[in-house]
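Student: I'm passing along data.txt; it holds compact mmCIF, C-alpha atoms and all ligand atoms.
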# COMPACT_ATOMS: atom_id res chain seq x y z
CA MET A 1 -22.93 9.04 -13.15
CA SER A 2 -22.13 12.12 -11.11
CA ASP A 3 -18.59 13.30 -10.65
CA ARG A 4 -16.83 12.79 -7.30
CA THR A 5 -13.64 14.08 -5.74
CA TYR A 6 -11.29 11.47 -4.31
CA PHE A 7 -8.04 11.45 -2.39
CA ALA A 8 -5.74 8.41 -2.53
CA ALA A 9 -3.21 8.35 0.31
CA CYS A 10 0.29 6.88 0.04
CA GLY A 11 3.61 6.82 1.87
CA ARG A 12 5.75 9.95 1.61
CA GLY A 13 7.90 9.88 -1.51
CA LEU A 14 5.55 7.62 -3.49
CA GLU A 15 3.23 10.45 -4.64
CA PRO A 16 4.65 10.55 -8.22
CA VAL A 17 4.28 6.75 -8.52
CA LEU A 18 0.68 6.90 -7.35
CA ALA A 19 -0.07 9.76 -9.76
CA THR A 20 1.30 7.63 -12.63
CA GLU A 21 -0.92 4.74 -11.55
CA LEU A 22 -3.98 7.00 -11.44
CA ASP A 23 -3.19 8.43 -14.88
CA ALA A 24 -3.04 4.86 -16.20
CA LEU A 25 -6.47 4.15 -14.67
CA GLY A 26 -7.91 6.95 -16.78
CA VAL A 27 -9.27 9.07 -13.90
CA ARG A 28 -9.39 12.87 -14.24
CA SER A 29 -7.81 15.91 -12.57
CA VAL A 30 -4.90 14.00 -11.02
CA VAL A 31 -3.04 16.34 -8.63
CA GLU A 32 -0.15 15.31 -6.40
CA ARG A 33 -0.36 16.50 -2.82
CA ARG A 34 1.73 15.78 0.27
CA GLY A 35 1.05 12.16 1.27
CA GLY A 36 -1.28 11.35 -1.59
CA VAL A 37 -2.95 12.26 -4.85
CA ALA A 38 -6.31 13.95 -5.47
CA PHE A 39 -8.39 12.93 -8.49
CA ARG A 40 -11.90 13.11 -9.88
CA GLY A 41 -14.15 10.53 -11.44
CA ASP A 42 -17.42 8.63 -11.15
CA LYS A 43 -18.32 5.79 -8.80
CA ALA A 44 -16.49 3.29 -11.04
CA ALA A 45 -13.29 5.37 -10.72
CA GLY A 46 -13.37 4.89 -6.93
CA TYR A 47 -14.01 1.14 -7.25
CA ARG A 48 -11.27 0.80 -9.87
CA ALA A 49 -8.82 2.70 -7.66
CA CYS A 50 -9.41 0.23 -4.80
CA LEU A 51 -9.09 -2.77 -7.09
CA TRP A 52 -6.05 -1.65 -9.09
CA LEU A 53 -3.89 0.81 -7.16
CA ARG A 54 -0.68 -0.83 -5.96
CA SER A 55 1.03 2.06 -4.16
CA ALA A 56 -2.00 3.60 -2.35
CA ILE A 57 -2.75 2.94 1.32
CA ARG A 58 -6.36 4.09 1.07
CA VAL A 59 -8.87 5.70 -1.27
CA GLN A 60 -11.25 8.27 0.15
CA GLU A 61 -14.23 10.04 -1.36
CA GLU A 62 -14.89 13.63 -0.33
CA LEU A 63 -18.32 14.16 1.25
CA LEU A 64 -17.92 17.73 2.42
CA SER A 65 -15.47 20.57 1.96
CA THR A 66 -16.36 23.76 3.79
CA ARG A 67 -15.18 26.39 6.24
CA VAL A 68 -15.94 25.87 9.92
CA ARG A 69 -15.17 28.28 12.77
CA GLY A 70 -15.15 25.82 15.67
CA GLU A 71 -16.74 22.74 17.18
CA ASP A 72 -20.37 23.96 17.00
CA ASP A 73 -19.91 24.94 13.38
CA LEU A 74 -18.38 21.55 12.65
CA TYR A 75 -21.36 19.80 14.25
CA ASN A 76 -23.85 21.89 12.25
CA ALA A 77 -22.06 21.41 8.93
CA VAL A 78 -22.08 17.61 9.37
CA PHE A 79 -25.69 17.58 10.66
CA GLU A 80 -26.83 19.35 7.47
CA LEU A 81 -25.74 16.45 5.23
CA ASP A 82 -28.45 13.92 4.38
CA TRP A 83 -26.99 10.87 6.16
CA ASP A 84 -29.78 8.55 4.97
CA ARG A 85 -27.97 8.61 1.62
CA LEU A 86 -24.87 7.19 3.32
CA LEU A 87 -25.87 4.84 6.14
CA ARG A 88 -28.79 3.25 7.94
CA PRO A 89 -29.08 2.85 11.72
CA GLU A 90 -28.19 -0.85 11.48
CA HIS A 91 -24.81 0.05 9.92
CA THR A 92 -21.80 0.80 12.09
CA LEU A 93 -19.54 3.81 11.74
CA ALA A 94 -16.27 5.25 13.02
CA ALA A 95 -14.76 8.69 12.58
CA TYR A 96 -11.04 9.47 12.73
CA ALA A 97 -9.87 13.06 12.78
CA SER A 98 -6.68 14.98 12.28
CA THR A 99 -6.40 18.68 13.01
CA ARG A 100 -3.62 21.01 11.98
CA ASP A 101 -3.21 24.68 12.96
CA ALA A 102 -6.72 24.51 14.41
CA PRO A 103 -6.70 25.90 18.00
CA ALA A 104 -10.53 26.15 18.00
CA TYR A 105 -10.62 22.37 18.65
CA ARG A 106 -9.73 20.86 21.99
CA HIS A 107 -8.07 17.90 20.27
CA SER A 108 -8.57 15.82 17.15
CA GLY A 109 -10.42 13.08 19.04
CA HIS A 110 -12.97 15.64 20.11
CA ALA A 111 -13.54 16.77 16.51
CA ALA A 112 -14.21 13.13 15.60
CA ILE A 113 -16.79 12.87 18.41
CA GLN A 114 -18.56 16.02 17.14
CA VAL A 115 -18.86 14.44 13.71
CA LYS A 116 -20.14 11.14 15.09
CA ASP A 117 -22.65 12.96 17.35
CA ALA A 118 -23.99 15.08 14.45
CA ILE A 119 -24.62 11.95 12.38
CA THR A 120 -26.18 9.86 15.14
CA ASP A 121 -28.31 12.78 16.41
CA GLN A 122 -29.74 13.19 12.91
CA GLN A 123 -30.48 9.46 12.75
CA ARG A 124 -32.18 9.50 16.16
CA GLN A 125 -34.36 12.45 15.13
CA ARG A 126 -35.39 10.78 11.89
CA HIS A 127 -35.59 7.11 12.87
CA GLY A 128 -35.58 6.94 16.69
CA GLU A 129 -32.46 4.77 16.49
CA ARG A 130 -28.81 5.29 15.58
CA SER A 131 -25.73 3.54 14.24
CA SER A 132 -23.29 2.21 16.76
CA VAL A 133 -19.56 2.77 16.66
CA ASP A 134 -17.25 -0.04 15.56
CA ARG A 135 -13.60 0.97 15.58
CA GLU A 136 -12.33 -2.37 14.20
CA ALA A 137 -14.35 -2.85 11.01
CA PRO A 138 -16.92 -0.07 10.62
CA ASP A 139 -19.33 -0.22 7.69
CA LEU A 140 -18.74 3.49 7.17
CA PRO A 141 -15.21 4.62 8.07
CA LEU A 142 -15.02 8.43 8.04
CA LYS A 143 -11.96 10.62 7.97
CA VAL A 144 -12.20 14.21 9.24
CA VAL A 145 -9.42 16.63 8.29
CA ILE A 146 -9.41 20.11 9.78
CA GLN A 147 -6.70 22.48 8.70
CA ARG A 148 -7.12 26.00 10.12
CA ASP A 149 -10.79 26.71 9.29
CA ARG A 150 -11.12 24.22 6.41
CA LEU A 151 -13.09 21.03 7.03
CA LEU A 152 -12.71 18.05 4.72
CA LEU A 153 -14.89 15.04 5.41
CA TYR A 154 -14.18 11.78 3.57
CA ARG A 155 -15.54 8.27 3.51
CA ASP A 156 -12.86 5.58 3.21
CA LEU A 157 -13.73 3.15 0.43
CA ALA A 158 -11.43 0.31 1.51
CA GLY A 159 -11.90 0.35 5.29
CA THR A 160 -8.72 -1.53 6.11
CA SER A 161 -5.44 -0.38 4.58
CA LEU A 162 -4.89 -1.39 0.95
CA HIS A 163 -1.59 -3.04 1.90
CA LYS A 164 -3.79 -5.84 3.24
CA ARG A 165 -4.11 -7.59 -0.10
CA GLY A 166 -5.49 -10.76 1.48
CA TYR A 167 -2.59 -13.04 0.55
CA ARG A 168 -0.70 -13.22 3.85
CA PRO A 169 -1.45 -16.48 5.69
CA VAL A 170 0.04 -15.11 8.92
CA GLN A 171 1.43 -11.77 10.02
CA VAL A 172 5.22 -12.04 9.81
CA LYS A 173 7.88 -10.12 11.68
CA SER A 174 9.29 -7.03 9.91
CA PRO A 175 7.90 -7.78 6.46
CA LEU A 176 8.04 -5.12 3.81
CA ASN A 177 4.67 -3.47 3.43
CA GLU A 178 3.02 -4.65 0.17
CA VAL A 179 2.16 -1.10 -0.86
CA THR A 180 5.74 0.10 -0.32
CA ALA A 181 7.17 -2.90 -2.18
CA ALA A 182 4.88 -2.32 -5.16
CA GLY A 183 5.55 1.43 -5.15
CA LEU A 184 9.33 0.90 -5.10
CA LEU A 185 9.11 -1.67 -7.91
CA ILE A 186 7.19 0.79 -10.07
CA ARG A 187 9.63 3.56 -9.11
CA SER A 188 12.57 1.37 -10.23
CA GLU A 189 11.06 1.24 -13.73
CA TRP A 190 11.59 -2.52 -14.01
CA ASP A 191 10.29 -3.40 -17.47
CA ARG A 192 8.00 -6.18 -16.12
CA ALA A 193 9.37 -8.47 -18.82
CA SER A 194 12.85 -9.52 -17.68
CA PRO A 195 14.05 -11.86 -14.90
CA LEU A 196 13.88 -10.35 -11.42
CA VAL A 197 15.22 -11.80 -8.17
CA ASP A 198 15.37 -10.99 -4.46
CA PRO A 199 18.22 -12.89 -2.70
CA MET A 200 16.95 -11.97 0.82
CA CYS A 201 13.26 -12.20 0.12
CA GLY A 202 11.91 -12.88 3.64
CA SER A 203 8.18 -13.42 3.20
CA GLY A 204 8.54 -12.70 -0.52
CA THR A 205 6.79 -9.34 -0.81
CA PHE A 206 8.91 -7.95 -3.67
CA VAL A 207 8.67 -11.13 -5.73
CA ILE A 208 4.92 -11.55 -5.19
CA GLU A 209 4.20 -7.89 -5.98
CA ALA A 210 6.43 -8.19 -9.06
CA ALA A 211 4.39 -11.21 -10.20
CA LEU A 212 1.12 -9.33 -9.68
CA LEU A 213 2.51 -6.39 -11.62
CA ALA A 214 3.95 -8.36 -14.53
CA SER A 215 0.88 -10.58 -14.89
CA ASP A 216 -1.42 -7.52 -14.80
CA THR A 217 -3.26 -9.03 -11.83
CA ALA A 218 -5.32 -6.52 -9.83
CA PRO A 219 -3.90 -6.39 -6.27
CA GLY A 220 -7.39 -6.01 -4.77
CA LEU A 221 -8.93 -9.16 -6.25
CA GLN A 222 -8.39 -11.25 -3.07
CA ARG A 223 -10.01 -8.93 -0.55
CA THR A 224 -13.22 -7.14 0.31
CA PHE A 225 -13.83 -3.41 0.75
CA ALA A 226 -15.99 -1.30 3.09
CA PHE A 227 -17.91 0.16 0.11
CA GLU A 228 -19.43 -3.29 -0.54
CA ARG A 229 -21.56 -2.68 2.60
CA TRP A 230 -22.67 0.84 1.66
CA VAL A 231 -26.24 2.04 0.97
CA ASP A 232 -25.28 3.16 -2.53
CA PHE A 233 -23.16 0.07 -3.40
CA ASP A 234 -23.56 -0.86 -7.06
CA ALA A 235 -23.13 -4.66 -7.02
CA ASP A 236 -23.47 -5.05 -10.81
CA LEU A 237 -20.84 -2.42 -11.51
CA TRP A 238 -18.46 -4.01 -8.97
CA ALA A 239 -19.02 -7.50 -10.39
CA SER A 240 -18.26 -6.27 -13.92
CA LEU A 241 -15.05 -4.52 -12.79
CA ARG A 242 -13.91 -7.70 -11.02
CA GLU A 243 -14.70 -9.84 -14.08
CA GLU A 244 -12.77 -7.42 -16.30
CA ALA A 245 -9.80 -7.64 -13.88
CA LYS A 246 -9.89 -11.46 -13.79
CA ALA A 247 -9.91 -11.59 -17.59
CA ARG A 248 -6.84 -9.34 -17.75
CA ALA A 249 -4.65 -11.49 -15.47
CA LYS A 250 -2.04 -13.36 -17.52
CA ALA A 251 -1.63 -17.06 -16.71
CA ARG A 252 2.01 -17.22 -17.88
CA LEU A 253 4.96 -14.84 -17.99
CA GLY A 254 7.81 -16.42 -19.94
CA PHE A 255 10.59 -15.20 -17.62
CA ALA A 256 11.75 -16.04 -14.09
CA LEU A 257 10.72 -14.31 -10.89
CA ALA A 258 12.51 -15.76 -7.90
CA GLY A 259 13.48 -15.19 -4.29
CA ALA A 260 15.65 -16.84 -1.68
CA ASP A 261 16.18 -16.46 2.04
CA ARG A 262 18.25 -18.38 4.54
CA HIS A 263 15.25 -18.75 6.87
CA ALA A 264 13.18 -21.75 5.81
CA GLY A 265 10.21 -20.45 7.82
CA ALA A 266 10.13 -17.18 5.87
CA VAL A 267 10.43 -19.07 2.57
CA GLY A 268 7.50 -21.27 3.57
CA ILE A 269 5.39 -18.17 4.19
CA ALA A 270 6.52 -16.67 0.87
CA LYS A 271 5.38 -19.81 -0.98
CA GLN A 272 2.02 -19.90 0.80
CA SER A 273 1.48 -16.17 0.20
CA ALA A 274 2.26 -16.53 -3.51
CA GLN A 275 -0.30 -19.37 -3.79
CA GLN A 276 -2.90 -17.31 -1.96
CA ALA A 277 -2.17 -14.33 -4.25
CA GLY A 278 -2.80 -16.56 -7.28
CA VAL A 279 0.77 -16.23 -8.57
CA GLY A 280 2.33 -19.36 -7.05
CA HIS A 281 2.92 -20.83 -10.52
CA LEU A 282 4.79 -17.68 -11.67
CA VAL A 283 7.44 -17.55 -8.94
CA GLN A 284 10.12 -19.69 -7.34
CA PHE A 285 11.33 -19.49 -3.74
CA ASP A 286 14.39 -21.31 -2.36
CA THR A 287 15.91 -21.64 1.08
CA SER A 288 19.51 -20.56 0.64
CA GLU A 289 22.29 -18.32 1.85
CA ALA A 290 22.50 -15.42 -0.58
CA ARG A 291 26.15 -16.22 -1.33
CA ASP A 292 25.33 -19.79 -2.38
CA TRP A 293 22.08 -19.16 -4.23
CA GLN A 294 21.83 -20.07 -7.91
CA PRO A 295 18.80 -18.20 -9.32
CA PRO A 296 16.78 -20.09 -11.97
CA ALA A 297 17.92 -17.63 -14.68
CA PRO A 298 20.60 -14.93 -14.87
CA PRO A 299 18.87 -11.94 -13.27
CA ALA A 300 18.42 -8.71 -15.21
CA PHE A 301 16.97 -7.00 -12.17
CA VAL A 302 17.65 -7.45 -8.46
CA VAL A 303 15.54 -5.94 -5.69
CA CYS A 304 16.37 -6.39 -2.04
CA ASN A 305 15.47 -5.26 1.45
CA PRO A 306 18.40 -6.54 3.56
CA PRO A 307 18.31 -6.25 7.36
CA TYR A 308 19.37 -2.81 8.61
CA GLY A 309 18.97 -2.89 12.37
CA GLU A 310 19.94 0.24 14.23
CA ARG A 311 22.40 -1.75 16.32
CA LEU A 312 25.36 -2.97 14.36
CA ASP A 313 27.33 -4.49 17.19
CA ASP A 314 26.43 -8.15 16.56
CA GLY A 315 27.93 -8.16 13.07
CA GLU A 316 24.86 -9.86 11.56
CA VAL A 317 23.74 -6.84 9.59
CA GLU A 318 27.23 -6.16 8.28
CA GLU A 319 27.52 -9.81 7.25
CA ALA A 320 24.19 -9.68 5.39
CA TRP A 321 25.28 -6.65 3.36
CA ARG A 322 28.63 -8.23 2.56
CA ALA A 323 26.82 -11.38 1.42
CA LEU A 324 24.52 -9.30 -0.80
CA GLY A 325 27.55 -7.57 -2.33
CA ASP A 326 29.14 -10.95 -3.08
CA PHE A 327 25.92 -12.23 -4.64
CA LEU A 328 25.56 -9.16 -6.86
CA LYS A 329 29.17 -9.26 -8.03
CA SER A 330 29.35 -13.01 -8.63
CA ARG A 331 25.88 -13.83 -10.07
CA CYS A 332 24.42 -10.66 -11.50
CA SER A 333 26.80 -9.17 -14.05
CA GLY A 334 25.06 -6.74 -16.35
CA ALA A 335 22.06 -6.48 -14.02
CA GLU A 336 20.53 -3.45 -12.37
CA ALA A 337 20.03 -3.69 -8.60
CA TRP A 338 17.78 -1.67 -6.27
CA VAL A 339 18.40 -2.00 -2.54
CA LEU A 340 16.31 -0.53 0.27
CA SER A 341 18.43 0.82 3.09
CA GLY A 342 17.22 2.31 6.34
CA ASN A 343 20.70 2.79 7.71
CA LYS A 344 23.35 4.78 5.89
CA ALA A 345 26.15 3.20 7.89
CA VAL A 346 25.55 -0.29 6.54
CA THR A 347 25.37 0.40 2.81
CA ARG A 348 29.16 0.77 2.60
CA PHE A 349 29.49 -2.96 3.33
CA LEU A 350 28.22 -3.61 -0.20
CA ARG A 351 31.44 -2.03 -1.49
CA MET A 352 29.62 -0.74 -4.58
CA ARG A 353 28.82 2.73 -5.85
CA THR A 354 25.19 3.90 -6.14
CA SER A 355 24.00 5.47 -9.36
CA GLN A 356 20.76 6.84 -7.89
CA ARG A 357 19.31 7.45 -4.40
CA VAL A 358 15.58 7.86 -3.95
CA PRO A 359 14.15 8.89 -0.55
CA ALA A 360 11.47 6.41 0.59
CA MET A 361 9.62 5.54 3.78
CA ASN A 362 9.36 1.97 5.09
CA GLY A 363 6.64 2.45 7.70
CA PRO A 364 8.05 5.08 10.06
CA ILE A 365 11.67 4.49 8.95
CA GLU A 366 13.26 6.97 6.57
CA CYS A 367 15.04 4.96 3.91
CA ARG A 368 16.87 5.28 0.64
CA TRP A 369 16.04 3.21 -2.44
CA LEU A 370 19.49 2.78 -3.94
CA ARG A 371 20.28 1.89 -7.52
CA TYR A 372 23.42 0.02 -8.54
CA GLU A 373 24.59 -0.93 -12.00
CA ILE A 374 26.55 -4.15 -11.95
CA ARG A 375 29.30 -4.42 -14.52
C1 LIG A 401 14.24 -7.11 6.30
S1 LIG A 401 14.06 -8.81 5.98
C2 LIG A 401 13.34 -8.86 4.38
C3 LIG A 401 11.86 -8.74 4.44
C4 LIG A 401 11.22 -9.03 3.11
N1 LIG A 401 11.39 -7.95 2.17
C5 LIG A 401 9.76 -9.40 3.25
O1 LIG A 401 8.98 -9.02 2.39
O2 LIG A 401 9.39 -10.07 4.21
C6 LIG A 401 15.69 -9.32 5.67
C7 LIG A 401 15.83 -10.79 5.30
O3 LIG A 401 17.19 -11.06 4.94
C8 LIG A 401 17.43 -12.41 5.27
N2 LIG A 401 18.90 -12.61 5.30
C9 LIG A 401 19.82 -11.98 6.06
N3 LIG A 401 21.07 -12.40 5.75
C10 LIG A 401 20.93 -13.31 4.75
C11 LIG A 401 21.86 -14.09 3.99
N4 LIG A 401 23.16 -14.00 4.21
N5 LIG A 401 21.37 -14.91 3.03
C12 LIG A 401 20.04 -15.00 2.82
N6 LIG A 401 19.12 -14.29 3.51
C13 LIG A 401 19.56 -13.46 4.47
C14 LIG A 401 16.77 -12.59 6.62
O4 LIG A 401 16.50 -13.95 6.86
C15 LIG A 401 15.48 -11.74 6.41
O5 LIG A 401 14.41 -12.56 6.03
Show this structure as structure tokens.
Tutor:
Amino acid sequence: MSDRTYFAACGRGLEPVLATELDALGVRSVVERRGGVAFRGDKAAGYRACLWLRSAIRVQEELLSTRVRGEDDLYNAVFELDWDRLLRPEHTLAAYASTRDAPAYRHSGHAAIQVKDAITDQQRQRHGERSSVDREAPDLPLKVVIQRDRLLLYRDLAGTSLHKRGYRPVQVKSPLNEVTAAGLLIRSEWDRASPLVDPMCGSGTFVIEAALLASDTAPGLQRTFAFERWVDFDADLWASLREEAKARAKARLGFALAGADRHAGAVGIAKQSAQQAGVGHLVQFDTSEARDWQPPAPPAFVVCNPPYGERLDDGEVEEAWRALGDFLKSRCSGAEAWVLSGNKAVTRFLRMRTSQRVPAMNGPIECRWLRYEIR
């Protein structure tokens, strides 16, 4: 199979984690860049990346890399590609563009329109009909990147963001993004073999991602991908990669993974999500105040994303951090804890000293992933 160039995107700060994941997948030429990691491989490498990567938001395959001097040049470069190889008129498409240091373009939206026009004009010339645009769920999602005079055109293999694993029954308020949770777990170097708990688990993202990780379950098994609708989709190859992934998933772990939250509604969602993710039998969720919670086994590892609202005047956030501190000191001796904080002012309420601080993004919020060793 011919070699392809890919770019897997991730949140800022998680590039080294994603590079480690790609190395483990056995792809070639892994190079960290800002906001993602470039790599090379065959068609299977792209499929595997979608199925297995835990910290990537999307996986894109490069279709074109060339110099362009302006909008006409961009149109011509895209028109020259043989689009019959990539889509038929009955397929839908969408192009998203970002431009940087590129004054030759009126705005990024206009660059995206040039790309779409070049493709649909070629289709109309050849077939008398053209693909329509679907911005919600296009068969062929395209990403156009123009930096100065360099054009990079990608097709997005997943379509919707890879954080959409397919296990959330409903969209919950302020959940931790699945991709961020998995990336932070990998970054913490949890050994995937000792008891892990989250005493303020909300919808259970850390615990569910930990179960997927420890059981070697592919995070993409529960969802579909845009590439399954592509002209060059290899259904046999995809089926064999999925079978291989299913065979790898361990049915039992032999150690506890547990979460608790004081909101029964959130705990209900966590339980449902774990079932849907196929790891319901590997985890336990309880409704409890952190201070009162008795985990099923003495934890060796604690991960937590306590509330960190910008406004601290109602005392609720302060109280949550104090409760977490009490839980860590009374139930977790000898454990290692990692806490995600988006607000420097509240971490002092833990009354504990950090042994490591890792910059991390939680959506648009700049955070710190803080490590504590509990005596
Ligand atoms: C930012 S959310 C956690 C989101 C979670 N990581 C997820 O994946 O959905 C913070 C959670 O802490 C919980 N919480 C706050 N104070 C608590 C306490 N004293 N005991 C237990 N849970 C608490 C809230 O109910 C909320 O679900």
Student: Taking only C-alpha atoms and all ligand atoms and a cut-off of 9 Å, can you tell me which residues surround ligand LIG 401 (chain A), written as a PyMOL selection string?
Tutor: chain A and resi 172-178+181+198-208+260-264+266-267+270+287-293+304-309+316-317+319-324
Student: What lies within 9 Å of Ser2 of chain A using all atoms listed in the file, ignoring chain neighbours under 3 positions off, as a compact mmCIF listing (two decimals) with C-alpha atoms, keeping the file's coordinate frame?
Tutor:
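New file result34.txt:
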# COMPACT_ATOMS: atom_id res chain seq x y z
CA GLY A 41 -14.15 10.53 -11.44
CA ASP A 42 -17.42 8.63 -11.15
CA LYS A 43 -18.32 5.79 -8.80
Student: If you measure from atom CA of Glu61 of chain A to atom CA of Val78 of chain A, what distance in Å do you get, rounded to one decimal?
Tutor: 15.3 Å
Student: Determine, counting all atoms listed in the file, every residue of protein, DNA or RNA that lies within 12 Å of (-17.9, 25.9, 20.1) in the file coordinates, then give the result as a list of chain:residue names.
Tutor: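 Residues with an atom close enough to that point: A:Val68, A:Arg69, A:Gly70, A:Glu71, A:Asp72, A:Asp73, A:Leu74, A:Tyr75, A:Asn76, A:Pro103, A:Ala104, A:Tyr105, A:Arg106, A:His110, A:Ala111, A:Gln114.
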Student: Could you turn the residues from that selection into a file that holds C-alpha atoms, as a PDB file, in the coordinates of the input?
Tutor:
ATOM      1  CA  VAL A  68     -15.940  25.870   9.920  1.00  0.00           C
ATOM      2  CA  ARG A  69     -15.170  28.280  12.770  1.00  0.00           C
ATOM      3  CA  GLY A  70     -15.150  25.820  15.670  1.00  0.00           C
ATOM      4  CA  GLU A  71     -16.740  22.740  17.180  1.00  0.00           C
ATOM      5  CA  ASP A  72     -20.370  23.960  17.000  1.00  0.00           C
ATOM      6  CA  ASP A  73     -19.910  24.940  13.380  1.00  0.00           C
ATOM      7  CA  LEU A  74     -18.380  21.550  12.650  1.00  0.00           C
ATOM      8  CA  TYR A  75     -21.360  19.800  14.250  1.00  0.00           C
ATOM      9  CA  ASN A  76     -23.850  21.890  12.250  1.00  0.00           C
ATOM     10  CA  PRO A 103      -6.700  25.900  18.000  1.00  0.00           C
ATOM     11  CA  ALA A 104     -10.530  26.150  18.000  1.00  0.00           C
ATOM     12  CA  TYR A 105     -10.620  22.370  18.650  1.00  0.00           C
ATOM     13  CA  ARG A 106      -9.730  20.860  21.990  1.00  0.00           C
ATOM     14  CA  HIS A 110     -12.970  15.640  20.110  1.00  0.00           C
ATOM     15  CA  ALA A 111     -13.540  16.770  16.510  1.00  0.00           C
ATOM     16  CA  GLN A 114     -18.560  16.020  17.140  1.00  0.00           C
TER      17      GLN A 114
END
Student: Would you mind reading off the distance between atom CA of Leu162 of chain A and atom CA of Val179 of chain A, one decimal, in Å?
Tutor: 7.3 Å
Student: Using all atoms listed in the file, which of A:Glu336, A:Asp149, A:Asp234, A:Glu136 sits nearest Asp191 of chain A?
Tutor: A:Glu336
Student: Choose the residue, out of A:Ser55, A:Ser194, A:Ser65, A:Thr224, that has the smallest atom-to-atom separation from Ala137 of chain A; count all atoms listed in the file.
Tutor: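 Of all the options, A:Thr224 lies closest to Ala137 of chain A.
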Student: State, in Å with one decimal place, the distance from atom CA of Gly325 of chain A to atom CA of Ala256 of chain A.
Tutor: 21.4 Å
Student: In file coordinates, which residues lie within 10 Å of (-17.1, 16.3, 0.6) using all atoms listed in the file, given as a ChimeraX atom specification?
Tutor: /A:4-6,60-66,81,151-155
Student: Which one of A:Ile186, A:Val30, A:Ala38, A:Ala45 sits closest to Asp3 of chain A if you count only C-alpha atoms?
Tutor: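 Using only C-alpha atoms, the shortest distance to Asp3 of chain A belongs to A:Ala45.
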Student: Check the smallest atom-to-atom distance from each of A:Arg34, A:Arg126, A:Arg187, A:Arg168 to Ala360 of chain A using all atoms listed in the file, then report the winner.
Tutor: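 Nearest candidate to Ala360 of chain A out of A:Arg34, A:Arg126, A:Arg187, A:Arg168: A:Arg187.
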Student: Taking into account all atoms listed in the file, which residue in the set A:Val358, A:Val133, A:Val346, A:Val339 is nearest to Tyr372 of chain A?
Tutor: A:Val339
Student: Choose the residue, out of A:Glu90, A:Asp326, A:Glu244, A:Asp139, that has the smallest atom-to-atom separation from Thr160 of chain A; count all atoms listed in the file.
Tutor: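 Of A:Glu90, A:Asp326, A:Glu244, A:Asp139, the one nearest Thr160 of chain A, counting all atoms listed in the file, is A:Asp139.
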Student: Would you compute the box with edges along x, y and z of the file around segment 211-223 of chain A, including every atom the file lists for it and 3 Å extra on each side, and give its centre and edge lengths in Å to one decimal, as JSON?
Tutor:
{"center_x": -2.8, "center_y": -8.6, "center_z": -7.7, "size_x": 20.4, "size_y": 11.2, "size_z": 20.3}
Student: For Val231 of chain A, list every protein, DNA or RNA residue within 12 Å, evaluated using all atoms listed in the file, and leave out those in the same chain fewer than 3 positions away; present the list as a PDB file with C-alpha atoms, in the frame of the given file.
Tutor:
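After the write, around17.pdb holds the following:
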ATOM      1  CA  TRP A  83     -26.990  10.870   6.160  1.00  0.00           C
ATOM      2  CA  ASP A  84     -29.780   8.550   4.970  1.00  0.00           C
ATOM      3  CA  ARG A  85     -27.970   8.610   1.620  1.00  0.00           C
ATOM      4  CA  LEU A  86     -24.870   7.190   3.320  1.00  0.00           C
ATOM      5  CA  LEU A  87     -25.870   4.840   6.140  1.00  0.00           C
ATOM      6  CA  ARG A  88     -28.790   3.250   7.940  1.00  0.00           C
ATOM      7  CA  PRO A  89     -29.080   2.850  11.720  1.00  0.00           C
ATOM      8  CA  GLU A  90     -28.190  -0.850  11.480  1.00  0.00           C
ATOM      9  CA  HIS A  91     -24.810   0.050   9.920  1.00  0.00           C
ATOM     10  CA  ASP A 139     -19.330  -0.220   7.690  1.00  0.00           C
ATOM     11  CA  LEU A 140     -18.740   3.490   7.170  1.00  0.00           C
ATOM     12  CA  ALA A 226     -15.990  -1.300   3.090  1.00  0.00           C
ATOM     13  CA  PHE A 227     -17.910   0.160   0.110  1.00  0.00           C
ATOM     14  CA  GLU A 228     -19.430  -3.290  -0.540  1.00  0.00           C
ATOM     15  CA  ASP A 234     -23.560  -0.860  -7.060  1.00  0.00           C
ATOM     16  CA  ALA A 235     -23.130  -4.660  -7.020  1.00  0.00           C
TER      17      ALA A 235
END
Student: Name the residues in contact with Leu253 of chain A at a cut-off of 10 Å, using only C-alpha atoms, excluding same-chain residues fewer than 5 positions from it; report them as a ChimeraX atom specification.
Tutor: /A:192-194,211,214-215,281-283
